[in-house]
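The next block is target-v3.txt, given as compact mmCIF, C-alpha atoms.
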# COMPACT_ATOMS: atom_id res chain seq x y z
CA MET A 17 193.77 76.41 253.35
CA GLU A 18 194.45 78.37 256.54
CA VAL A 19 191.35 80.23 257.73
CA PHE A 20 191.59 83.53 259.59
CA VAL A 21 189.61 83.55 262.86
CA MET A 22 187.26 86.52 262.55
CA THR A 23 186.95 88.95 265.45
CA THR A 24 185.55 92.45 265.90
CA MET A 25 187.80 95.07 264.32
CA LYS A 26 188.00 98.87 264.16
CA ARG A 27 187.43 101.13 261.17
CA ILE A 28 186.36 104.62 260.15
CA GLN A 29 182.81 104.50 258.83
CA TYR A 30 179.68 106.61 258.43
CA HIS A 31 175.95 106.02 258.74
CA GLN A 32 174.74 108.67 256.28
CA TYR A 33 176.21 110.74 253.48
CA GLY A 34 177.52 114.13 254.56
CA GLY A 35 180.50 116.22 255.60
CA PRO A 36 183.47 115.26 257.77
CA GLU A 37 181.25 115.33 260.85
CA VAL A 38 179.58 112.02 259.83
CA MET A 39 182.81 110.01 260.22
CA ARG A 40 182.97 107.63 263.19
CA PHE A 41 185.74 105.38 264.56
CA GLU A 42 183.80 102.24 265.45
CA ASP A 43 183.78 98.48 265.80
CA PHE A 44 182.76 96.45 262.75
CA GLU A 45 182.58 92.84 261.72
CA PRO A 46 184.74 92.12 258.66
CA THR A 47 183.06 89.93 256.06
CA ARG A 48 184.53 86.72 254.72
CA PRO A 49 186.13 87.08 251.30
CA GLY A 50 183.83 85.86 248.55
CA PRO A 51 184.83 84.22 245.27
CA GLY A 52 187.71 86.14 243.72
CA GLU A 53 188.26 88.25 246.86
CA VAL A 54 190.95 88.52 249.51
CA LEU A 55 190.79 89.60 253.13
CA VAL A 56 193.75 91.82 254.02
CA ARG A 57 195.08 92.85 257.41
CA VAL A 58 195.76 96.53 256.74
CA LYS A 59 199.14 97.97 257.72
CA ALA A 60 198.71 101.38 256.08
CA ALA A 61 196.12 103.23 254.00
CA ALA A 62 196.31 106.48 252.04
CA ALA A 63 193.76 109.27 251.63
CA ASN A 64 192.53 110.55 248.26
CA PRO A 65 190.04 113.28 247.32
CA MET A 66 187.79 110.50 246.00
CA ASP A 67 187.27 109.35 249.59
CA TRP A 68 185.40 112.44 250.71
CA LYS A 69 183.61 112.86 247.39
CA ILE A 70 182.10 109.42 247.90
CA ARG A 71 181.35 110.04 251.59
CA SER A 72 179.59 113.32 250.75
CA GLY A 73 177.23 111.47 248.41
CA GLU A 74 178.52 112.75 245.09
CA MET A 75 178.69 109.17 243.75
CA LYS A 76 175.63 107.71 245.49
CA ILE A 77 174.33 106.38 242.18
CA MET A 78 177.25 103.95 242.26
CA THR A 79 177.63 103.44 246.00
CA GLY A 80 173.98 103.04 247.01
CA ARG A 81 172.28 103.75 250.33
CA LYS A 82 173.29 100.80 252.50
CA PHE A 83 174.94 101.89 255.76
CA PRO A 84 177.21 101.89 257.64
CA ARG A 85 179.80 102.36 254.93
CA GLY A 86 183.56 102.13 255.37
CA LEU A 87 185.86 104.88 254.17
CA GLY A 88 189.07 104.67 252.15
CA HIS A 89 190.38 102.75 249.16
CA ASP A 90 194.19 102.60 248.90
CA PHE A 91 195.92 100.19 251.27
CA ALA A 92 198.92 97.97 251.90
CA GLY A 93 198.91 94.94 254.17
CA VAL A 94 199.10 91.18 254.57
CA VAL A 95 196.64 88.69 253.08
CA ALA A 96 194.76 86.98 255.93
CA GLU A 97 192.34 84.83 253.94
CA VAL A 98 191.47 84.17 250.29
CA GLY A 99 188.13 83.38 248.70
CA ASP A 100 187.29 80.62 246.26
CA GLY A 101 189.10 80.81 242.94
CA VAL A 102 191.94 83.01 244.17
CA THR A 103 195.21 81.56 242.91
CA ARG A 104 197.54 84.50 242.29
CA LEU A 105 197.72 85.51 245.97
CA GLY A 106 198.00 83.48 249.15
CA VAL A 107 197.75 83.87 252.92
CA GLY A 108 200.78 85.75 254.24
CA ASP A 109 201.53 87.64 251.01
CA GLU A 110 202.47 91.29 251.49
CA VAL A 111 200.32 93.30 249.09
CA LEU A 112 199.12 96.71 247.97
CA GLY A 113 195.86 97.52 246.28
CA GLY A 114 192.52 99.25 246.36
CA ALA A 115 189.06 98.48 247.69
CA SER A 116 186.22 98.91 245.21
CA ILE A 117 184.31 102.19 244.96
CA LYS A 118 181.13 100.54 246.22
CA ALA A 119 182.66 98.57 249.11
CA ALA A 120 185.50 100.91 250.22
CA GLY A 121 186.65 100.39 253.82
CA ALA A 122 190.46 100.65 253.68
CA PHE A 123 190.68 102.94 256.74
CA ALA A 124 190.37 99.88 258.94
CA GLU A 125 192.22 97.03 260.56
CA MET A 126 190.85 94.62 257.91
CA VAL A 127 189.50 95.13 254.41
CA VAL A 128 188.08 92.89 251.68
CA ALA A 129 189.11 93.60 248.09
CA ASP A 130 188.88 91.98 244.68
CA GLU A 131 191.95 89.90 243.88
CA LYS A 132 192.23 91.72 240.53
CA ALA A 133 192.74 95.01 242.42
CA VAL A 134 195.58 93.70 244.61
CA VAL A 135 199.21 92.89 243.74
CA LYS A 136 202.26 91.83 245.71
CA LYS A 137 204.21 94.63 247.38
CA PRO A 138 207.84 95.15 246.30
CA ALA A 139 209.98 93.93 249.19
CA ASP A 140 211.92 97.18 249.58
CA LEU A 141 208.83 99.39 249.97
CA SER A 142 207.59 100.39 253.40
CA TRP A 143 203.92 99.89 254.17
CA GLU A 144 203.40 103.65 254.00
CA GLU A 145 205.11 103.98 250.61
CA ALA A 146 203.11 101.08 249.22
CA ALA A 147 199.77 102.45 250.43
CA ALA A 148 200.38 105.77 248.68
CA VAL A 149 200.57 104.15 245.26
CA PRO A 150 197.37 102.50 243.94
CA ILE A 151 194.84 105.13 242.82
CA VAL A 152 197.21 107.94 241.82
CA GLY A 153 199.78 105.61 240.28
CA LEU A 154 197.24 103.60 238.31
CA THR A 155 195.46 106.72 237.03
CA ALA A 156 198.71 108.33 235.89
CA PHE A 157 199.96 105.11 234.30
CA GLN A 158 196.77 104.60 232.32
CA ALA A 159 196.82 108.24 231.18
CA MET A 160 200.48 108.36 230.17
CA VAL A 161 201.20 104.78 229.09
CA SER A 162 198.02 102.84 228.31
CA THR A 163 196.12 105.72 226.68
CA SER A 164 198.79 108.10 225.37
CA GLU A 165 201.43 105.46 224.54
CA LEU A 166 204.16 108.02 225.15
CA HIS A 167 207.55 107.58 223.56
CA THR A 168 210.87 109.38 223.31
CA GLY A 169 210.69 112.87 221.85
CA GLN A 170 207.08 113.62 222.68
CA ALA A 171 205.98 116.47 224.94
CA VAL A 172 203.40 116.42 227.73
CA PHE A 173 201.75 119.25 229.65
CA VAL A 174 200.47 118.31 233.12
CA HIS A 175 198.01 120.77 234.64
CA GLY A 176 198.48 120.31 238.40
CA CYS A 177 201.92 118.73 238.12
CA LEU A 178 202.56 118.46 241.87
CA GLY A 179 199.36 116.72 242.95
CA GLY A 180 199.44 112.97 243.51
CA VAL A 181 198.33 112.04 240.00
CA GLY A 182 200.22 114.93 238.42
CA ARG A 183 203.49 114.09 240.13
CA SER A 184 203.10 110.45 239.11
CA ALA A 185 202.36 111.42 235.51
CA VAL A 186 205.45 113.64 235.33
CA GLN A 187 207.73 110.85 236.53
CA LEU A 188 206.20 108.21 234.26
CA ALA A 189 206.32 110.51 231.21
CA LEU A 190 209.96 111.35 231.84
CA ALA A 191 210.75 107.65 232.26
CA HIS A 192 209.27 107.04 228.80
CA GLY A 193 211.48 109.65 227.19
CA ALA A 194 209.00 112.50 226.94
CA SER A 195 209.61 116.08 228.01
CA VAL A 196 207.16 117.53 230.52
CA GLY A 197 205.83 121.02 231.10
CA GLY A 198 203.29 121.82 233.75
CA SER A 199 201.38 124.17 236.00
CA CYS A 200 201.53 124.54 239.77
CA ARG A 201 201.34 127.17 242.51
CA GLY A 202 203.89 129.91 242.03
CA THR A 203 205.44 129.15 245.40
CA ALA A 204 206.16 125.56 244.33
CA ARG A 205 208.11 126.27 241.14
CA GLN A 206 211.40 125.02 242.56
CA GLU A 207 209.81 121.73 243.55
CA ALA A 208 208.41 121.29 240.04
CA HIS A 209 211.80 122.16 238.55
CA ASP A 210 213.50 119.58 240.75
CA LEU A 211 211.00 117.00 239.53
CA GLY A 212 212.06 117.68 235.94
CA VAL A 213 209.22 119.93 234.75
CA THR A 214 210.00 122.63 232.21
CA PRO A 215 208.46 124.99 231.27
CA ILE A 216 206.65 125.73 234.55
CA VAL A 217 203.69 128.11 234.67
CA ASP A 218 201.15 129.29 237.24
CA PHE A 219 197.60 127.90 237.17
CA ASP A 220 196.25 131.05 235.48
CA PHE A 221 198.84 131.03 232.69
CA ASP A 222 198.35 132.36 229.15
CA ALA A 223 198.07 129.23 227.00
CA MET A 224 198.86 131.12 223.81
CA LYS A 225 202.45 131.58 224.99
CA LEU A 226 202.83 127.78 224.80
CA ALA A 227 200.60 127.25 221.79
CA GLY A 228 201.08 124.08 219.73
CA ARG A 229 203.89 122.63 221.85
CA PHE A 230 202.43 119.44 223.37
CA ASP A 231 201.40 116.01 222.16
CA VAL A 232 199.40 115.34 225.33
CA VAL A 233 197.65 117.76 227.70
CA PHE A 234 196.77 116.05 230.98
CA ASP A 235 194.36 117.99 233.18
CA THR A 236 194.64 116.40 236.63
CA ALA A 237 192.85 119.27 238.39
CA GLY A 238 189.86 119.44 236.07
CA THR A 239 190.14 123.24 235.88
CA LEU A 240 191.93 123.84 232.59
CA PRO A 241 189.58 125.60 230.14
CA ILE A 242 189.04 123.52 227.02
CA LYS A 243 190.05 126.48 224.86
CA ALA A 244 193.40 126.68 226.65
CA ALA A 245 193.91 122.92 226.43
CA ARG A 246 193.28 122.96 222.68
CA ALA A 247 195.68 125.87 222.24
CA LEU A 248 198.49 123.88 223.88
CA LEU A 249 198.10 120.90 221.56
CA LYS A 250 200.11 119.97 218.53
CA PRO A 251 198.03 118.80 215.54
CA GLY A 252 196.75 115.31 216.28
CA GLY A 253 197.36 115.72 220.03
CA ARG A 254 195.27 114.40 222.90
CA ILE A 255 193.59 116.06 225.91
CA ILE A 256 192.96 113.83 228.96
CA ASP A 257 190.76 114.91 231.89
CA ILE A 258 190.28 112.80 235.05
CA THR A 259 187.65 114.88 236.88
CA PRO A 260 184.40 113.98 235.11
CA THR A 261 181.14 115.89 235.02
CA PRO A 262 178.08 115.15 232.87
CA ALA A 263 179.06 117.95 230.46
CA LYS A 264 182.60 116.57 230.17
CA PHE A 265 181.27 113.10 229.37
CA VAL A 266 179.23 114.61 226.54
CA ARG A 267 182.30 116.42 225.20
CA SER A 268 184.34 113.23 225.49
CA ALA A 269 181.81 111.36 223.34
CA LEU A 270 182.15 113.87 220.50
CA PRO A 271 184.82 113.61 217.79
CA GLY A 272 188.01 115.40 218.73
CA PRO A 273 191.03 115.27 221.00
CA TYR A 274 189.20 115.46 224.35
CA GLN A 275 188.81 112.36 226.52
CA VAL A 276 187.58 111.75 230.06
CA LEU A 277 189.58 109.00 231.69
CA ILE A 278 188.29 106.88 234.56
CA ALA A 279 191.01 104.54 235.80
CA LYS A 280 190.08 100.88 235.42
CA VAL A 281 191.21 97.99 237.58
CA SER A 282 194.02 96.12 235.83
CA VAL A 283 196.39 93.63 237.46
CA GLU A 284 198.92 94.19 234.68
CA ASP A 285 198.88 97.97 235.05
CA LEU A 286 198.95 97.90 238.85
CA GLU A 287 201.90 95.49 238.79
CA ALA A 288 203.71 97.83 236.39
CA VAL A 289 203.10 100.74 238.76
CA ALA A 290 204.29 98.72 241.77
CA GLN A 291 207.45 97.77 239.88
CA ALA A 292 208.07 101.40 238.93
CA VAL A 293 207.85 102.39 242.58
CA GLY A 294 210.05 99.48 243.61
CA LYS A 295 212.72 100.55 241.11
CA GLY A 296 212.61 104.19 242.23
CA ILE A 297 211.18 105.38 238.90
CA LEU A 298 208.03 106.58 240.64
CA ARG A 299 208.22 108.22 244.07
CA LEU A 300 205.33 109.70 246.00
CA PRO A 301 206.17 111.85 249.03
CA ILE A 302 204.33 111.27 252.30
CA ALA A 303 203.46 114.51 254.06
CA ARG A 304 201.94 113.09 257.23
CA THR A 305 201.39 109.75 258.95
CA VAL A 306 198.75 109.25 261.65
CA PRO A 307 197.45 106.20 263.55
CA LEU A 308 193.98 104.92 262.67
CA GLY A 309 192.52 105.97 266.01
CA ARG A 310 193.40 109.64 265.37
CA ALA A 311 192.80 109.73 261.63
CA ILE A 312 189.39 111.44 261.58
CA GLU A 313 190.88 114.75 262.73
CA ALA A 314 193.63 114.53 260.08
CA LEU A 315 191.15 113.58 257.34
CA THR A 316 188.93 116.51 258.28
CA GLU A 317 191.86 118.92 258.13
CA LEU A 318 192.94 117.55 254.75
CA GLU A 319 189.45 117.90 253.31
CA ARG A 320 188.73 121.38 254.67
CA ASN A 321 192.14 123.01 254.45
CA ARG A 322 193.96 120.80 251.92
CA THR A 323 196.70 120.29 254.49
CA PRO A 324 199.18 118.78 254.72
CA LYS A 325 200.42 119.87 251.30
CA GLY A 326 203.25 118.35 249.30
CA GLY A 327 202.44 114.69 249.79
CA LYS A 328 200.05 112.00 250.90
CA LEU A 329 198.25 111.58 254.21
CA VAL A 330 198.86 107.99 255.30
CA ILE A 331 196.97 106.18 258.06
CA THR A 332 198.68 103.33 259.92
CA THR A 333 197.21 100.57 262.07
CA GLU A 334 200.25 99.95 264.27
Here is the file; what I need is its structure written in the form of structure tokens.
Amino acid sequence: MEVFVMTTMKRIQYHQYGGPEVMRFEDFEPTRPGPGEVLVRVKAAAANPMDWKIRSGEMKIMTGRKFPRGLGHDFAGVVAEVGDGVTRLGVGDEVLGGASIKAAGAFAEMVVADEKAVVKKPADLSWEEAAAVPIVGLTAFQAMVSTSELHTGQAVFVHGCLGGVGRSAVQLALAHGASVGGSCRGTARQEAHDLGVTPIVDFDFDAMKLAGRFDVVFDTAGTLPIKAARALLKPGGRIIDITPTPAKFVRSALPGPYQVLIAKVSVEDLEAVAQAVGKGILRLPIARTVPLGRAIEALTELERNRTPKGGKLVITTE
């Protein structure tokens, strides 16, 4: 087996939990991939709200207190080395995937990830397009396909239909023969219409005007009142929420249509998402691309101002 010669690399990391000001662009020593892991030379990585929620300490119960910690999860790149027991991927494979919540570290020149969270990149996808896929695509796929088992003739309402997960859910639902309604900013109605969403409503819509019309209500923003979500449902319908809180977990455990969904690592699901992107079924716009050395400023702007809007922020290493 070819072994990658390890050298000092660059990444964005932090030495304590906190706001954007704790991010640093520094040298680090990549670790060797352990059993079931791969070391990937990153070509591109994509930002997600989860990145700054973890960095701020909101998930410290899961991520611990060992520093420095790398930032970022979604990436695309080339496998540089594989750990013991890895058979599905090999050195030189072009891949896309996600670093674990605890390890993170995709905003870097090199990252280690579990083999089960990495799949081969469709040949026609650019590095930037591939990096934009993993978290949002997997979450939408598991909500629309694995959990809801959508089929022709059903109707879905996506609250936040133009966010990364929302946009992915709309496209996957339409591909499975469902009709899709959704909410978005009033200024973005034409964009939602072009995506295939109808009816389209503002975020503060009156749910009673759409009462009983949907088999699935998918709250990607986590801001849809439960009363409104229930009003939208057909009898026997399902409400899916992907922004958990302790109170939401309690509600999810009770009998009824409400469910909190936390995306789970699945090679089969991630491969299905990659194939959907490769076939043009699923497309995620890229709003801005920045080099790794200048990414902290762009990440800070995204977190504080939610700009750029209308697509992903992608970080490149070349």
Distance query Met160 of chain A at most 12 Å, only C-alpha atoms, self and fewer than 2 positions along chain excluded, as a PyMOL selection string
chain A and resi 153-158+162-167+170-174+181-194+196+231-236+254-257+277+279+285+289
Val107 of chain A surroundings by all atoms listed in the file, 6 Å radius, close-in-sequence under 5 positions cut, as a count of residues only:
3
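The gap separating atom CA of Ala247 of chain A from atom CA of Arg229 of chain A is 8.8 Å, in Å to one decimal.
Restricting the calculation to only C-alpha atoms, the smallest distance between Ala288 of chain A and any of A:Gly99, A:Gly326, A:Pro150, A:Gly93 is found for A:Pro150.
Of the residues listed (A:Gly309, A:Gly296, A:Gly106, A:Gly101), A:Gly309 shows the shortest atom-to-atom separation from Glu42 of chain A; distances use only C-alpha atoms.
Among the candidate residues A:Gln206, A:Asp109, A:Leu308, A:Arg299, the one lying nearest to Met25 of chain A is A:Leu308, with distances computed using all atoms listed in the file.
The coordinates place atom CA of Leu112 of chain A at 9.2 Å from atom CA of Leu286 of chain A.
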